[in-house]
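Here the structure comes first, spelled out in structure tokens, and everything after it is commentary.
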Amino acid sequence: MAATSNLKVDVFQSPDYFQLDELLTEEHKLIRDSVRSYVKKEISPFIEEYAQKAEFPQHIVRQLGELGCFGPTVPETYGGGGLDYISYGLMMQELERGDSGVRSTASVQGSLVMFPIYEYGNEEQRRKYLPKLASGEWLGCFGLTEPNHGSDPGGMLTHFEDAGDHVVLNGSKMWISNAPFSQVAVVWAKDEAGVVRGLIVERGMEGFSTPTTHGKWSLRASATGELVFDHVKVPKENILPNVSGLKGPLGCLTKARYGIAWGVVGAAMDCYDTALRYSKERVQFGRPIGGFQLQQKKLAEMLTEITKAQLLNWRLGVLMSEGRATPAQVSMAKRNGCEIAAQITRDARQMLGGMGITGEYSIMRHMMNLESVITYEGTHDVHLLITGMDITGLNAFK
Ligand code: TGC
Ligand code: FAD
């Protein structure tokens, strides 16, 4: 007998083996449930089609804004949610349960575009950009990576020169999420002294273009592109005044990596739930495959890793909300989450046999998406070296 697909009608049931719900407030649960309902209704039934066509579902930008998924920790005065980090984490978990690309859109907008404008910007910049970004009227992107500088962004070549009331920006960025549809880009570039600064570049500025990256096998429902700057005149008022040096962009990454740590557990939960349901419905050798020990081993290990990662994220969320989390702790959670989620997608895919490779189920899409997530925002090995540096005090990068 063939097992029933859970994609068009999303019947996801969240695993909560250690009663983690008891650690959440009523507000946390309300936020989590509202994003979960949104994903069930507006994402799951359609996302596979967008992914197959390699098309970004542009309409979700407004929807995510209305739902409060853009800048949930930014104060309400600027259109943000004024929420704590557990709320933010739960939102990312639920969005990525639907698709990593959807979570990516929200991560970039909230942590990599709104956060630097809020944290490093002046009042004028905050008032001009944050409400439009929070509502989804505008989409933003974050330009750090360059063709020859990925893990080592400090070597970036993009630079600008002083030209009176404006600066002239030259260079290019690669692998930029949201780029092709963005109205605004937070770009990291070096000044004449070689110091990294943040600039807000707007679509329409002469010499600025955002060519789309084609041919991805991963994050197909997310738009990726380049940022090309050919003598772009950027008004000086668009420079973020309150940060200089690499700690500017790396500080944003800490926020976004935190969201990813939660997000990937959402993807893992989705794959586990699908595999569990399938294993109880799919009959071979006269009984459900879930009755075989080898299948139970996979399910038991999946749930163990999910539970450990859920606990890690919750504790990290508390530390983040209290302002006590370190970037190295965030690295550990991002790395661990990606690793266990990637392994769970692979095991879950095997449990569905041939059906596991089809778009009838979300597993193969999650599996391919996670190949990007394990790479961006710091690769698996980079995060390991960050942990190594933190515990030994010895820097393996330099
Ligand atoms: P290093 O000398 O160690 O540090 C330079 C300055 O930055 C500070 N710092 C941090 N600050 C805040 N948060 C962090 N996570 C920080 N890490 C370092 C550091 O204290 C120092 O400050 P100061 O005051 O002394 O100047 O820098 P390094 O050049 O040796 O590099 C270290 C390394 C390799 C860990 C770092 O460059 C790194 O993390 N590389 C990975 C690059 C990366 O993650 N790129 C991500 C691009 S954006 C992206 O992928 C978006 S995908 C989004 C989506 O679609 O969801
Ligand atoms: P490299 O840095 O060239 O790394 C290649 C390999 O070498 C990796 O395995 C790495 O771990 C390893 N390596 C590198 N240095 C060391 C070392 N010191 N020790 C041991 N091993 C090492 N960037 C943005 O700025 N904005 C975005 O919005 C954005 N979105 C992205 C979306 C997608 C779909 C993808 C795939 C990437 C995105 N990125 C973005 C870029 C992403 O952050 C980089 O791909 C990532 O940081 C790795 O850089 P790289 O691809 O140049 O790999």
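Residues are referred to by chain and number: the chain letter is A, B, ... according to the order shown in the structure tokens, the number counts from 1 in that chain, and ligands are numbered separately from 1 in the order shown.
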Sorted by chain and rising residue number, list the residues of chain A at most 6 Å from ligand 1 (counting only C-alpha atoms and all ligand atoms), each with its closest atom pair and distance in Å to one decimal, as a tab-separated table.
residue	atom	partner	partner_atom_place_in_ligand_line	distance
A:Ser104	CA	ligand 1	56 (O)	3.6
A:Ser107	CA	ligand 1	56 (O)	5.2
A:Val108	CA	ligand 1	53 (C)	5.4
A:Leu144	CA	ligand 1	47 (C)	5.5
A:Thr145	CA	ligand 1	47 (C)	5.4
A:Gly150	CA	ligand 1	42 (C)	5.9
A:Ser151	CA	ligand 1	41 (C)	4.1
A:Asp152	CA	ligand 1	37 (O)	5.0
A:Pro153	CA	ligand 1	37 (O)	5.5
A:Gly154	CA	ligand 1	29 (O)	4.8
A:Ser177	CA	ligand 1	55 (O)	4.9
A:Gly245	CA	ligand 1	26 (O)	5.7
A:Leu246	CA	ligand 1	7 (O)	4.9
A:Lys247	CA	ligand 1	7 (O)	3.3
A:Leu250	CA	ligand 1	14 (C)	4.4
A:Gly251	CA	ligand 1	12 (C)	3.6
A:Thr254	CA	ligand 1	15 (N)	4.8
A:Pro327	CA	ligand 1	15 (N)	4.6
A:Tyr376	CA	ligand 1	50 (O)	3.9
A:Glu377	CA	ligand 1	50 (O)	3.6
A:Gly378	CA	ligand 1	44 (O)	3.3
A:Ile386	CA	ligand 1	35 (C)	5.9
Go ahead and save the picked residues with N, CA, C and O atoms, as a compact mmCIF listing (two decimals), in the first residue's frame.
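So the final result, stored in part.txt, reads:
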# COMPACT_ATOMS: atom_id res chain seq x y z
N SER A 104 15.21 31.97 5.17
CA SER A 104 16.31 32.80 4.68
C SER A 104 15.83 34.22 4.39
O SER A 104 16.48 35.19 4.77
N SER A 107 15.40 35.82 7.70
CA SER A 107 16.68 36.01 8.41
C SER A 107 17.42 37.21 7.86
O SER A 107 17.94 38.04 8.60
N VAL A 108 17.50 37.25 6.53
CA VAL A 108 18.26 38.34 5.90
C VAL A 108 17.60 39.67 6.22
O VAL A 108 18.26 40.63 6.65
N LEU A 144 28.16 40.81 1.86
CA LEU A 144 29.47 40.65 2.50
C LEU A 144 30.39 39.81 1.60
O LEU A 144 31.50 40.20 1.28
N THR A 145 29.89 38.63 1.19
CA THR A 145 30.72 37.67 0.43
C THR A 145 31.09 38.21 -0.96
O THR A 145 30.25 38.82 -1.63
N GLY A 150 35.10 34.49 0.76
CA GLY A 150 33.89 33.94 1.38
C GLY A 150 34.09 33.76 2.87
O GLY A 150 33.68 34.60 3.68
N SER A 151 34.81 32.69 3.25
CA SER A 151 35.07 32.46 4.68
C SER A 151 35.95 33.56 5.27
O SER A 151 35.94 33.79 6.48
N ASP A 152 36.68 34.24 4.42
CA ASP A 152 37.63 35.27 4.86
C ASP A 152 37.17 36.66 4.38
O ASP A 152 37.82 37.26 3.52
N PRO A 153 36.08 37.17 4.94
CA PRO A 153 35.53 38.42 4.40
C PRO A 153 36.45 39.63 4.64
O PRO A 153 36.33 40.63 3.94
N GLY A 154 37.38 39.49 5.59
CA GLY A 154 38.30 40.59 5.88
C GLY A 154 39.17 40.96 4.67
O GLY A 154 39.69 42.07 4.59
N SER A 177 21.53 36.48 -0.97
CA SER A 177 20.11 36.12 -0.85
C SER A 177 19.26 37.39 -0.98
O SER A 177 19.62 38.44 -0.45
N GLY A 245 34.94 48.47 10.99
CA GLY A 245 35.69 47.23 11.17
C GLY A 245 34.80 46.02 10.91
O GLY A 245 33.57 46.13 10.78
N LEU A 246 35.45 44.86 10.86
CA LEU A 246 34.76 43.61 10.53
C LEU A 246 33.75 43.19 11.60
O LEU A 246 32.84 42.40 11.34
N LYS A 247 33.89 43.75 12.79
CA LYS A 247 32.91 43.38 13.83
C LYS A 247 31.50 43.86 13.46
O LYS A 247 30.52 43.33 13.99
N LEU A 250 30.13 40.98 11.22
CA LEU A 250 30.15 39.74 12.02
C LEU A 250 29.12 39.81 13.16
O LEU A 250 28.52 38.80 13.53
N GLY A 251 28.87 41.00 13.66
CA GLY A 251 27.84 41.17 14.70
C GLY A 251 26.45 40.83 14.16
O GLY A 251 25.62 40.24 14.86
N THR A 254 26.01 37.03 13.93
CA THR A 254 25.67 36.35 15.18
C THR A 254 24.15 36.25 15.33
O THR A 254 23.62 35.20 15.73
N PRO A 327 29.21 34.91 20.78
CA PRO A 327 29.19 34.48 19.37
C PRO A 327 29.63 33.02 19.23
O PRO A 327 29.11 32.30 18.38
N TYR A 376 26.37 28.55 4.24
CA TYR A 376 26.32 30.01 4.42
C TYR A 376 26.32 30.39 5.90
O TYR A 376 26.17 29.55 6.76
N GLU A 377 26.57 31.69 6.10
CA GLU A 377 26.69 32.21 7.48
C GLU A 377 27.82 31.52 8.23
O GLU A 377 27.74 31.30 9.44
N GLY A 378 28.86 31.14 7.51
CA GLY A 378 29.99 30.42 8.11
C GLY A 378 29.83 28.94 7.87
O GLY A 378 28.81 28.35 8.24
N ILE A 386 35.91 28.16 15.11
CA ILE A 386 35.53 29.21 16.07
C ILE A 386 35.41 28.59 17.47
O ILE A 386 35.90 29.15 18.46
* Please identify the residues whose atoms come within 8 Å of ligand 2, using only C-alpha atoms and all ligand atoms, and report them as a ChimeraX atom specification. => /A:108,141-152,173-179,216,218-219,222,224,371-373,375-382,385,396-398
Could those selected residues go to a file with N, CA, C and O atoms, as a compact mmCIF listing (two decimals), in the first residue's frame?
# COMPACT_ATOMS: atom_id res chain seq x y z
N VAL A 108 17.50 37.25 6.53
CA VAL A 108 18.26 38.34 5.90
C VAL A 108 17.60 39.67 6.22
O VAL A 108 18.26 40.63 6.65
N CYS A 141 18.75 43.17 1.25
CA CYS A 141 19.75 42.11 1.19
C CYS A 141 21.04 42.59 1.85
O CYS A 141 21.16 43.77 2.20
N PHE A 142 21.97 41.65 2.05
CA PHE A 142 23.18 41.90 2.83
C PHE A 142 24.39 41.45 2.01
O PHE A 142 24.50 40.27 1.68
N GLY A 143 25.25 42.39 1.68
CA GLY A 143 26.38 42.05 0.81
C GLY A 143 27.70 42.02 1.56
O GLY A 143 28.27 43.07 1.88
N LEU A 144 28.16 40.81 1.86
CA LEU A 144 29.47 40.65 2.50
C LEU A 144 30.39 39.81 1.60
O LEU A 144 31.50 40.20 1.28
N THR A 145 29.89 38.63 1.19
CA THR A 145 30.72 37.67 0.43
C THR A 145 31.09 38.21 -0.96
O THR A 145 30.25 38.82 -1.63
N GLU A 146 32.31 37.94 -1.36
CA GLU A 146 32.77 38.34 -2.70
C GLU A 146 33.25 37.09 -3.45
O GLU A 146 33.52 36.06 -2.82
N PRO A 147 33.43 37.20 -4.76
CA PRO A 147 33.87 36.02 -5.52
C PRO A 147 35.12 35.38 -4.92
O PRO A 147 35.23 34.16 -4.88
N ASN A 148 36.06 36.19 -4.44
CA ASN A 148 37.32 35.62 -3.92
C ASN A 148 37.46 35.72 -2.41
O ASN A 148 38.55 35.49 -1.87
N HIS A 149 36.40 36.08 -1.73
CA HIS A 149 36.47 36.21 -0.26
C HIS A 149 35.14 35.78 0.36
O HIS A 149 34.21 36.56 0.47
N GLY A 150 35.10 34.49 0.76
CA GLY A 150 33.89 33.94 1.38
C GLY A 150 34.09 33.76 2.87
O GLY A 150 33.68 34.60 3.68
N SER A 151 34.81 32.69 3.25
CA SER A 151 35.07 32.46 4.68
C SER A 151 35.95 33.56 5.27
O SER A 151 35.94 33.79 6.48
N ASP A 152 36.68 34.24 4.42
CA ASP A 152 37.63 35.27 4.86
C ASP A 152 37.17 36.66 4.38
O ASP A 152 37.82 37.26 3.52
N LYS A 173 29.72 41.77 -5.08
CA LYS A 173 29.38 40.79 -4.05
C LYS A 173 28.71 39.61 -4.74
O LYS A 173 28.03 39.77 -5.76
N MET A 174 28.88 38.43 -4.16
CA MET A 174 28.37 37.21 -4.80
C MET A 174 27.58 36.38 -3.80
O MET A 174 27.84 36.48 -2.60
N TRP A 175 26.66 35.57 -4.29
CA TRP A 175 25.85 34.69 -3.45
C TRP A 175 24.97 35.49 -2.49
O TRP A 175 24.92 35.17 -1.30
N ILE A 176 24.26 36.49 -2.99
CA ILE A 176 23.52 37.35 -2.08
C ILE A 176 22.02 37.01 -2.10
O ILE A 176 21.32 37.23 -3.11
N SER A 177 21.53 36.48 -0.97
CA SER A 177 20.11 36.12 -0.85
C SER A 177 19.26 37.39 -0.98
O SER A 177 19.62 38.44 -0.45
N ASN A 178 18.12 37.25 -1.64
CA ASN A 178 17.14 38.33 -1.86
C ASN A 178 17.58 39.37 -2.88
O ASN A 178 16.78 40.24 -3.26
N ALA A 179 18.86 39.33 -3.31
CA ALA A 179 19.40 40.43 -4.12
C ALA A 179 18.51 40.81 -5.31
O ALA A 179 18.22 42.00 -5.49
N LYS A 216 20.92 26.74 -9.36
CA LYS A 216 21.12 26.16 -8.01
C LYS A 216 20.31 24.88 -7.87
O LYS A 216 19.16 24.82 -8.30
N SER A 218 19.84 23.92 -4.76
CA SER A 218 19.53 24.10 -3.34
C SER A 218 18.89 25.48 -3.18
O SER A 218 19.17 26.38 -3.98
N LEU A 219 18.04 25.64 -2.19
CA LEU A 219 17.35 26.92 -1.96
C LEU A 219 16.75 27.45 -3.25
O LEU A 219 16.91 28.63 -3.59
N SER A 222 14.39 30.41 -3.12
CA SER A 222 14.95 31.66 -2.61
C SER A 222 15.73 32.31 -3.75
O SER A 222 16.41 31.62 -4.50
N THR A 224 18.73 34.28 -5.30
CA THR A 224 20.13 34.58 -5.00
C THR A 224 20.70 35.38 -6.16
O THR A 224 20.34 35.14 -7.32
N GLU A 371 22.14 21.87 2.29
CA GLU A 371 23.52 21.96 1.76
C GLU A 371 23.96 23.42 1.65
O GLU A 371 25.14 23.72 1.78
N SER A 372 23.02 24.32 1.43
CA SER A 372 23.36 25.76 1.47
C SER A 372 23.48 26.24 2.90
O SER A 372 24.40 27.00 3.24
N VAL A 373 22.53 25.81 3.72
CA VAL A 373 22.48 26.35 5.09
C VAL A 373 23.72 25.94 5.88
O VAL A 373 24.22 26.70 6.71
N THR A 375 26.54 25.73 4.67
CA THR A 375 27.66 26.48 4.06
C THR A 375 27.58 27.97 4.35
O THR A 375 28.59 28.61 4.63
N TYR A 376 26.37 28.55 4.24
CA TYR A 376 26.32 30.01 4.42
C TYR A 376 26.32 30.39 5.90
O TYR A 376 26.17 29.55 6.76
N GLU A 377 26.57 31.69 6.10
CA GLU A 377 26.69 32.21 7.48
C GLU A 377 27.82 31.52 8.23
O GLU A 377 27.74 31.30 9.44
N GLY A 378 28.86 31.14 7.51
CA GLY A 378 29.99 30.42 8.11
C GLY A 378 29.83 28.94 7.87
O GLY A 378 28.81 28.35 8.24
N THR A 379 30.84 28.34 7.23
CA THR A 379 30.73 26.91 6.89
C THR A 379 30.85 26.07 8.17
O THR A 379 31.27 26.55 9.23
N HIS A 380 30.53 24.79 7.98
CA HIS A 380 30.63 23.81 9.06
C HIS A 380 32.02 23.85 9.71
O HIS A 380 32.15 23.88 10.94
N ASP A 381 33.06 23.88 8.86
CA ASP A 381 34.43 23.86 9.39
C ASP A 381 34.81 25.19 10.03
O ASP A 381 35.53 25.21 11.03
N VAL A 382 34.33 26.29 9.48
CA VAL A 382 34.63 27.60 10.09
C VAL A 382 34.06 27.64 11.51
O VAL A 382 34.73 28.08 12.45
N LEU A 385 36.15 25.71 13.89
CA LEU A 385 37.39 26.43 14.24
C LEU A 385 37.10 27.58 15.21
O LEU A 385 37.96 27.94 16.02
N ALA A 396 43.19 29.34 14.84
CA ALA A 396 43.62 28.48 13.72
C ALA A 396 43.49 29.18 12.37
O ALA A 396 43.90 28.64 11.34
N PHE A 397 42.88 30.40 12.36
CA PHE A 397 42.68 31.09 11.08
C PHE A 397 43.93 31.86 10.64
O PHE A 397 44.15 32.10 9.47
N LYS A 398 44.72 32.30 11.63
CA LYS A 398 45.84 33.20 11.28
C LYS A 398 47.16 32.65 11.75
O LYS A 398 47.22 31.97 12.76
Output as a Markdown table one row per residue of region 289-387 of chain A within 12 Å of region 42-51 of chain A: the closest atom pair and its distance in Å to one decimal place, counting only C-alpha atoms, sorted by chain and residue number ascending.
| residue | atom | partner | partner_atom | distance |
| --- | --- | --- | --- | --- |
| A:Thr358 | CA | A:Glu48 | CA | 10.1 |
| A:Gly359 | CA | A:Glu48 | CA | 6.4 |
| A:Glu360 | CA | A:Glu48 | CA | 8.4 |
| A:Tyr361 | CA | A:Glu48 | CA | 8.7 |
| A:Ser362 | CA | A:Glu48 | CA | 7.5 |
| A:Ile363 | CA | A:Glu48 | CA | 10.7 |
| A:Met364 | CA | A:Glu48 | CA | 10.3 |
| A:Arg365 | CA | A:Glu48 | CA | 7.8 |
| A:His366 | CA | A:Glu48 | CA | 10.4 |
| A:Met368 | CA | A:Ala51 | CA | 10.8 |
| A:Asn369 | CA | A:Ala51 | CA | 10.1 |
* To do: Run DSSP on the backbone of this structure and report the residues of region 198-373 of chain A it assigns to strand (DSSP E or B), as a list in words.
  => Gly198, Leu199, Ile200, Val201, Glu202, Phe208, Ser209, Thr212, Thr224, Gly225, Glu226, Leu227, Val228, Phe229, Asp230, His231, Val232, Lys233, Val234, Pro235, Ile239, Val283, Gln284, Arg287 and Pro288 of chain A
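Using only C-alpha atoms, the contacts of Met92 (chain A) at a cut-off of 7 Å, with sequence neighbours closer than 4 positions omitted, comprise A:Tyr88, A:Glu96, A:Arg103, A:Gly259, A:Trp262, A:Gly263.
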Same residues, N, CA and C atoms, saved as a PDB file, in the first residue's frame:
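Result saved to part-v2.pdb:
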ATOM      1  N   TYR A  88      11.718  34.984  18.485  1.00  0.00           N
ATOM      2  CA  TYR A  88      12.394  35.056  17.183  1.00  0.00           C
ATOM      3  C   TYR A  88      12.802  33.639  16.736  1.00  0.00           C
ATOM      4  N   GLU A  96      11.262  27.622   8.685  1.00  0.00           N
ATOM      5  CA  GLU A  96      12.144  26.649   8.011  1.00  0.00           C
ATOM      6  C   GLU A  96      11.524  25.258   7.999  1.00  0.00           C
ATOM      7  N   ARG A 103      12.668  30.893   5.428  1.00  0.00           N
ATOM      8  CA  ARG A 103      13.380  31.379   6.630  1.00  0.00           C
ATOM      9  C   ARG A 103      14.531  32.306   6.254  1.00  0.00           C
ATOM     10  N   GLY A 259      19.222  32.532  14.467  1.00  0.00           N
ATOM     11  CA  GLY A 259      17.951  32.156  13.823  1.00  0.00           C
ATOM     12  C   GLY A 259      18.076  30.870  13.030  1.00  0.00           C
ATOM     13  N   TRP A 262      17.816  27.659  15.133  1.00  0.00           N
ATOM     14  CA  TRP A 262      16.421  27.246  15.370  1.00  0.00           C
ATOM     15  C   TRP A 262      15.782  26.736  14.081  1.00  0.00           C
ATOM     16  N   GLY A 263      16.067  27.442  12.979  1.00  0.00           N
ATOM     17  CA  GLY A 263      15.404  27.117  11.715  1.00  0.00           C
ATOM     18  C   GLY A 263      15.660  25.690  11.287  1.00  0.00           C
TER      19      GLY A 263
END
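With only C-alpha atoms as the atoms that count, the residue of A:Met156, A:Val232, A:Ile306, A:Leu133 with the shortest distance to Gly80 (chain A) is A:Leu133.
You will find CA of Glu123 (chain A) at 20.6 Å from CA of Leu83 (chain A).
CA of Glu206 (chain A) is found 14.1 Å from CA of Ala185 (chain A).
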* To do: Quick one: everything within 6 Å of Lys255 (chain A), counting only C-alpha atoms, minus sequence neighbours fewer than 3 positions away in the same chain. Send it as a count of residues only.
  => 3
* Write out as an MDAnalysis selection string all residues of region 25-190 of chain A that backbone DSSP assigns to helix (DSSP H, G or I). => chainID A and resid 26:53 60:67 76:78 85:98 100:120 123:135 153:155 179:181
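CA of Asp10 (chain A) to CA of Gly101 (chain A) spans 17.9 Å [interatomic distance, one decimal].
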* Any idea what's packed within 8 Å of region 307-309 of chain A, counting only C-alpha atoms, ignoring anything in its chain fewer than 2 positions away? Could you give it as a ChimeraX atom specification? -> /A:16-18,265,303-305,311-313,333,336-337
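For the residues A:Ala221, A:Val318, A:Val186, A:Val330, ranking by smallest atom-to-atom distance to Glu55 (chain A) using only C-alpha atoms places A:Ala221 first.
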